[in-house]
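Have a look at protein18.cif below; it lists mmCIF, C-alpha atoms.
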data_structure
#
loop_
_atom_site.group_PDB
_atom_site.id
_atom_site.type_symbol
_atom_site.label_atom_id
_atom_site.label_comp_id
_atom_site.auth_asym_id
_atom_site.auth_seq_id
_atom_site.Cartn_x
_atom_site.Cartn_y
_atom_site.Cartn_z
ATOM 1 C CA MET N 1 128.643 112.096 80.798
ATOM 2 C CA SER N 2 130.097 111.341 84.181
ATOM 3 C CA ARG N 3 129.083 109.002 86.936
ATOM 4 C CA ASP N 4 130.022 109.861 90.490
ATOM 5 C CA ASN N 5 129.758 107.445 93.400
ATOM 6 C CA ASP N 6 128.267 109.028 96.478
ATOM 7 C CA ASP N 7 130.249 109.200 99.696
ATOM 8 C CA SER N 8 127.633 107.557 101.911
ATOM 9 C CA GLY N 9 128.826 104.038 101.223
ATOM 10 C CA SER N 10 125.299 103.076 100.190
ATOM 11 C CA GLY N 11 126.427 101.900 96.781
ATOM 12 C CA HIS N 12 123.982 104.287 95.105
ATOM 13 C CA VAL N 13 125.349 106.240 92.218
ATOM 14 C CA SER N 14 124.498 109.761 91.156
ATOM 15 C CA ARG N 15 124.637 110.549 87.482
ATOM 16 C CA ARG N 16 125.345 113.846 85.840
ATOM 17 C CA ALA N 17 124.705 114.058 82.157
ATOM 18 C CA ASN N 18 124.454 116.628 79.437
ATOM 19 C CA VAL N 19 120.838 116.839 78.407
ATOM 20 C CA GLN N 20 119.403 118.527 75.348
ATOM 21 C CA THR N 21 116.594 120.762 76.597
ATOM 22 C CA GLY N 22 113.521 121.610 74.603
ATOM 23 C CA ILE N 23 114.938 124.994 73.556
ATOM 24 C CA GLY N 24 118.173 123.659 72.128
ATOM 25 C CA VAL N 25 120.415 124.430 75.097
ATOM 26 C CA THR N 26 122.602 121.686 76.492
ATOM 27 C CA ASP N 27 123.206 121.740 80.223
ATOM 28 C CA SER N 28 123.990 119.505 83.165
ATOM 29 C CA ARG N 29 121.139 117.777 85.017
ATOM 30 C CA ARG N 30 121.374 115.462 87.993
ATOM 31 C CA PHE N 31 119.719 112.084 88.072
ATOM 32 C CA VAL N 32 119.731 110.632 91.565
ATOM 33 C CA GLY N 33 119.303 106.968 92.288
ATOM 34 C CA TYR N 34 120.955 105.916 89.059
ATOM 35 C CA ASN N 35 121.010 102.143 88.908
ATOM 36 C CA PRO N 36 124.347 100.868 87.539
ATOM 37 C CA ALA N 37 122.497 97.901 86.024
ATOM 38 C CA MET N 38 120.767 100.325 83.669
ATOM 39 C CA ASN N 39 122.746 101.461 80.650
ATOM 40 C CA ASP N 40 122.324 105.200 81.247
ATOM 41 C CA MET N 41 120.010 107.907 82.523
ATOM 42 C CA ASP N 42 117.802 107.405 79.484
ATOM 43 C CA GLY N 43 117.015 103.999 80.926
ATOM 44 C CA LEU N 44 115.872 105.566 84.183
ATOM 45 C CA ILE N 45 113.610 108.018 82.388
ATOM 46 C CA GLU N 46 112.200 105.279 80.162
ATOM 47 C CA LYS N 47 111.489 103.159 83.253
ATOM 48 C CA ILE N 48 109.609 106.058 84.812
ATOM 49 C CA LEU N 49 107.643 106.704 81.619
ATOM 50 C CA ALA N 50 106.603 103.023 81.594
ATOM 51 C CA GLN N 51 104.739 103.482 84.897
ATOM 52 C CA LYS N 52 100.957 103.950 85.020
ATOM 53 C CA THR N 53 99.918 106.058 88.036
ATOM 54 C CA ILE N 54 101.342 109.544 88.568
ATOM 55 C CA ALA N 55 100.510 111.722 91.565
ATOM 56 C CA VAL N 56 100.940 115.362 90.566
ATOM 57 C CA VAL N 57 101.757 117.323 93.723
ATOM 58 C CA GLY N 58 100.840 120.991 93.361
ATOM 59 C CA LEU N 59 98.471 120.412 90.437
ATOM 60 C CA SER N 60 96.641 123.656 89.707
ATOM 61 C CA PRO N 61 93.050 123.744 88.421
ATOM 62 C CA ARG N 62 94.032 126.665 86.154
ATOM 63 C CA PRO N 63 94.580 125.638 82.496
ATOM 64 C CA ASP N 64 97.225 128.349 82.028
ATOM 65 C CA ARG N 65 99.517 126.774 84.676
ATOM 66 C CA PRO N 66 102.317 124.364 83.697
ATOM 67 C CA SER N 67 101.181 121.764 86.237
ATOM 68 C CA TYR N 68 97.749 121.618 84.613
ATOM 69 C CA GLN N 69 99.182 121.443 81.095
ATOM 70 C CA VAL N 70 101.597 118.648 82.013
ATOM 71 C CA ALA N 71 98.946 116.643 83.866
ATOM 72 C CA GLU N 72 96.440 117.081 81.041
ATOM 73 C CA TYR N 73 99.032 115.873 78.518
ATOM 74 C CA LEU N 74 99.906 112.847 80.670
ATOM 75 C CA LYS N 75 96.234 111.969 81.174
ATOM 76 C CA ASP N 76 95.622 112.223 77.420
ATOM 77 C CA ALA N 77 98.649 109.944 76.917
ATOM 78 C CA GLY N 78 96.952 107.264 79.036
ATOM 79 C CA TYR N 79 98.425 107.773 82.489
ATOM 80 C CA ARG N 80 96.283 107.667 85.632
ATOM 81 C CA ILE N 81 96.668 111.149 87.133
ATOM 82 C CA VAL N 82 96.114 111.692 90.859
ATOM 83 C CA PRO N 83 95.923 115.389 91.780
ATOM 84 C CA VAL N 84 97.492 116.313 95.124
ATOM 85 C CA ASN N 85 96.488 119.819 96.185
ATOM 86 C CA PRO N 86 94.721 120.591 99.476
ATOM 87 C CA ALA N 87 93.162 123.770 98.036
ATOM 88 C CA VAL N 88 90.992 122.051 95.407
ATOM 89 C CA GLU N 89 88.481 119.214 95.311
ATOM 90 C CA GLU N 90 88.911 118.150 91.682
ATOM 91 C CA VAL N 91 91.237 118.745 88.733
ATOM 92 C CA LEU N 92 90.904 117.299 85.233
ATOM 93 C CA GLY N 93 87.839 115.338 86.381
ATOM 94 C CA GLU N 94 89.881 113.565 89.092
ATOM 95 C CA LYS N 95 89.384 113.846 92.852
ATOM 96 C CA SER N 96 92.168 115.865 94.455
ATOM 97 C CA TYR N 97 93.792 114.758 97.699
ATOM 98 C CA PRO N 98 95.311 117.028 100.343
ATOM 99 C CA ASP N 99 98.549 115.015 100.554
ATOM 100 C CA LEU N 100 100.110 111.786 99.336
ATOM 101 C CA ARG N 101 99.142 109.927 102.533
ATOM 102 C CA SER N 102 95.457 110.481 101.701
ATOM 103 C CA VAL N 103 95.636 108.821 98.279
ATOM 104 C CA PRO N 104 93.889 105.418 98.557
ATOM 105 C CA GLU N 105 95.788 103.778 95.713
ATOM 106 C CA SER N 106 99.363 102.868 94.939
ATOM 107 C CA ILE N 107 101.464 105.628 93.360
ATOM 108 C CA ASP N 108 104.176 104.793 90.837
ATOM 109 C CA VAL N 109 105.574 108.288 90.270
ATOM 110 C CA VAL N 110 105.355 111.460 92.355
ATOM 111 C CA ASP N 111 105.615 114.427 89.979
ATOM 112 C CA VAL N 112 106.417 117.558 91.991
ATOM 113 C CA PHE N 113 105.302 121.088 91.085
ATOM 114 C CA ARG N 114 106.307 122.819 94.318
ATOM 115 C CA ARG N 115 108.987 125.321 95.290
ATOM 116 C CA PRO N 116 112.323 123.643 95.989
ATOM 117 C CA SER N 117 111.999 124.623 99.661
ATOM 118 C CA ASP N 118 108.695 122.681 99.839
ATOM 119 C CA VAL N 119 109.971 119.453 98.285
ATOM 120 C CA THR N 120 111.453 117.700 101.344
ATOM 121 C CA PRO N 121 108.063 117.034 103.018
ATOM 122 C CA VAL N 122 106.740 115.713 99.686
ATOM 123 C CA VAL N 123 109.689 113.320 99.433
ATOM 124 C CA GLU N 124 109.131 112.205 103.029
ATOM 125 C CA GLU N 125 105.524 111.360 102.136
ATOM 126 C CA ALA N 126 106.648 109.598 98.944
ATOM 127 C CA ILE N 127 108.949 107.433 101.055
ATOM 128 C CA GLU N 128 106.170 106.773 103.576
ATOM 129 C CA ILE N 129 103.684 105.589 100.928
ATOM 130 C CA GLY N 130 106.249 103.524 99.022
ATOM 131 C CA ALA N 131 106.214 105.493 95.770
ATOM 132 C CA GLY N 132 108.464 104.093 93.069
ATOM 133 C CA TYR N 133 109.981 107.320 91.734
ATOM 134 C CA VAL N 134 110.144 111.048 92.408
ATOM 135 C CA TRP N 135 110.257 113.499 89.507
ATOM 136 C CA MET N 136 110.979 117.162 90.271
ATOM 137 C CA GLN N 137 109.800 119.276 87.360
ATOM 138 C CA GLU N 138 111.926 121.671 85.343
ATOM 139 C CA GLY N 139 113.312 124.431 87.571
ATOM 140 C CA ILE N 140 112.923 122.394 90.760
ATOM 141 C CA VAL N 141 116.149 121.251 92.414
ATOM 142 C CA ASN N 142 116.451 120.134 96.022
ATOM 143 C CA GLU N 143 119.601 118.096 96.622
ATOM 144 C CA THR N 144 118.722 117.327 100.260
ATOM 145 C CA ALA N 145 115.323 115.925 99.305
ATOM 146 C CA ALA N 146 116.862 113.955 96.441
ATOM 147 C CA GLU N 147 119.471 112.432 98.743
ATOM 148 C CA LYS N 148 116.747 111.501 101.239
ATOM 149 C CA ALA N 149 114.762 109.737 98.504
ATOM 150 C CA GLU N 150 117.890 108.029 97.216
ATOM 151 C CA ALA N 151 118.750 106.785 100.716
ATOM 152 C CA ALA N 152 115.278 105.212 100.845
ATOM 153 C CA GLY N 153 115.823 103.520 97.474
ATOM 154 C CA ILE N 154 113.630 105.863 95.423
ATOM 155 C CA PRO N 155 115.228 107.072 92.180
ATOM 156 C CA VAL N 156 114.841 110.782 91.476
ATOM 157 C CA VAL N 157 114.903 112.905 88.339
ATOM 158 C CA MET N 158 115.102 116.644 88.917
ATOM 159 C CA ASP N 159 114.989 119.790 86.836
ATOM 160 C CA LEU N 160 113.408 118.135 83.808
ATOM 161 C CA CYS N 161 109.877 118.204 82.417
ATOM 162 C CA ILE N 162 108.193 114.804 82.288
ATOM 163 C CA LYS N 163 105.934 116.036 79.462
ATOM 164 C CA LYS N 164 108.890 117.111 77.321
ATOM 165 C CA GLU N 165 110.656 113.806 78.001
ATOM 166 C CA HIS N 166 107.534 111.855 77.059
ATOM 167 C CA GLU N 167 107.015 113.914 73.899
ATOM 168 C CA SER N 168 110.597 113.422 72.761
ATOM 169 C CA ARG N 169 110.557 109.653 73.379
ATOM 170 C CA LEU N 170 106.990 108.453 72.917
ATOM 171 C CA GLY N 171 104.930 111.445 71.768
#

Hey, can you dump this file as structure tokens for me?
Amino acid sequence: MSRDNDDSGSGHVSRRANVQTGIGVTDSRRFVGYNPAMNDMDGLIEKILAQKTIAVVGLSPRPDRPSYQVAEYLKDAGYRIVPVNPAVEEVLGEKSYPDLRSVPESIDVVDVFRRPSDVTPVVEEAIEIGAGYVWMQEGIVNETAAEKAEAAGIPVVMDLCIKKEHESRLG
């Protein structure tokens, strides 16, 4: 594992680590907003998994979609799920909101199921509402958005599945 200081002078640290994926392949993932006071990136993930309210941006009402499956798993595990999708009124028995700004409650984690090119506006909203963390699901990487969140003090995990991480640690 390596830890690289960023060049912005902000004192934030980015962390690159080898991560064992669910299919037995080890690869490099980036964890932005790594707090040096925490022992390692596992600490960051465990901190995120200890939160209670997760806004799932891009949550589909279709049970065959990964966003639905992840949100259903998290809800069954006891998390408060807040669907964010302007195209639907309700998912998993929860009212859906058109954007993060419309959510009337505090959000601990913003879990993003959007194309990488659509992530920056989501991060901007997460910053605006004071979300605690941003999690970009497996396959979603947007360095610019991650750096923007990091600059605002919001730790980011990208290109990992929150469901798989929960299953492997607490499931």

> Using the chain letters and numbers from the file, which residues does the PyMOL selection byres ((chain N and resi 165) around 12) grab, as a VMD selection string?
Replying inline: chain N and resid 19 to 22 41 to 42 44 to 49 70 73 to 74 135 137 to 138 157 159 to 164 166 to 171

> So what do you get for atom CA of N:Val123 versus atom CA of N:Val110, distance-wise?
Replying inline: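 The value is 8.5 Å.
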
> Hey, what comes out of the PyMOL selection byres ((chain N and resi 50-56) around 8) on this file? Could you write it as a list in words?
Replying inline: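 Evaluating the PyMOL selection byres ((chain N and resi 50-56) around 8) on these coordinates yields Glu46, Lys47, Ile48, Leu49, Val57, Gly58, Leu59, Ser67, Ala71, Gly78, Tyr79, Arg80, Ile81, Val82, Pro83, Val84, Leu100, Ser106, Ile107, Asp108, Val109, Val110, Asp111, Val112 and Phe113 of chain N.
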
I'd like the box whose edges run along x, y and z of the file and which contains every listed atom of stretch 81-85 of chain N, padded by 6 Å per side; could you state its centre and edge lengths in Å, one decimal, as lines of an AutoDock Vina configuration file?
center_x = 96.7
center_y = 115.5
center_z = 91.7
size_x = 13.6
size_y = 20.7
size_z = 21.1

>> As an exercise, work out the distance from atom CA of N:Thr144 to atom CA of N:Met158 in Å and give it to one decimal place.
In response: 11.9 Å

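Of the listed residues N:Val134, N:Ala126, N:Pro116, N:Gln69, the one whose atoms come nearest to N:Leu92 is N:Gln69, with distances taken using all atoms listed in the file.
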
>> Please compute the atom CA of N:Ala131-atom CA of N:Asp64 distance, one decimal, in Å.
In response: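 It comes out at 28.1 Å.
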
>> Selection in question (the file shown): the PyMOL selection byres ((chain N and resi 120) around 12). Which residues does it include, as a ChimeraX atom specification?
In response: /N:112,114-119,121-127,134,136,140-149
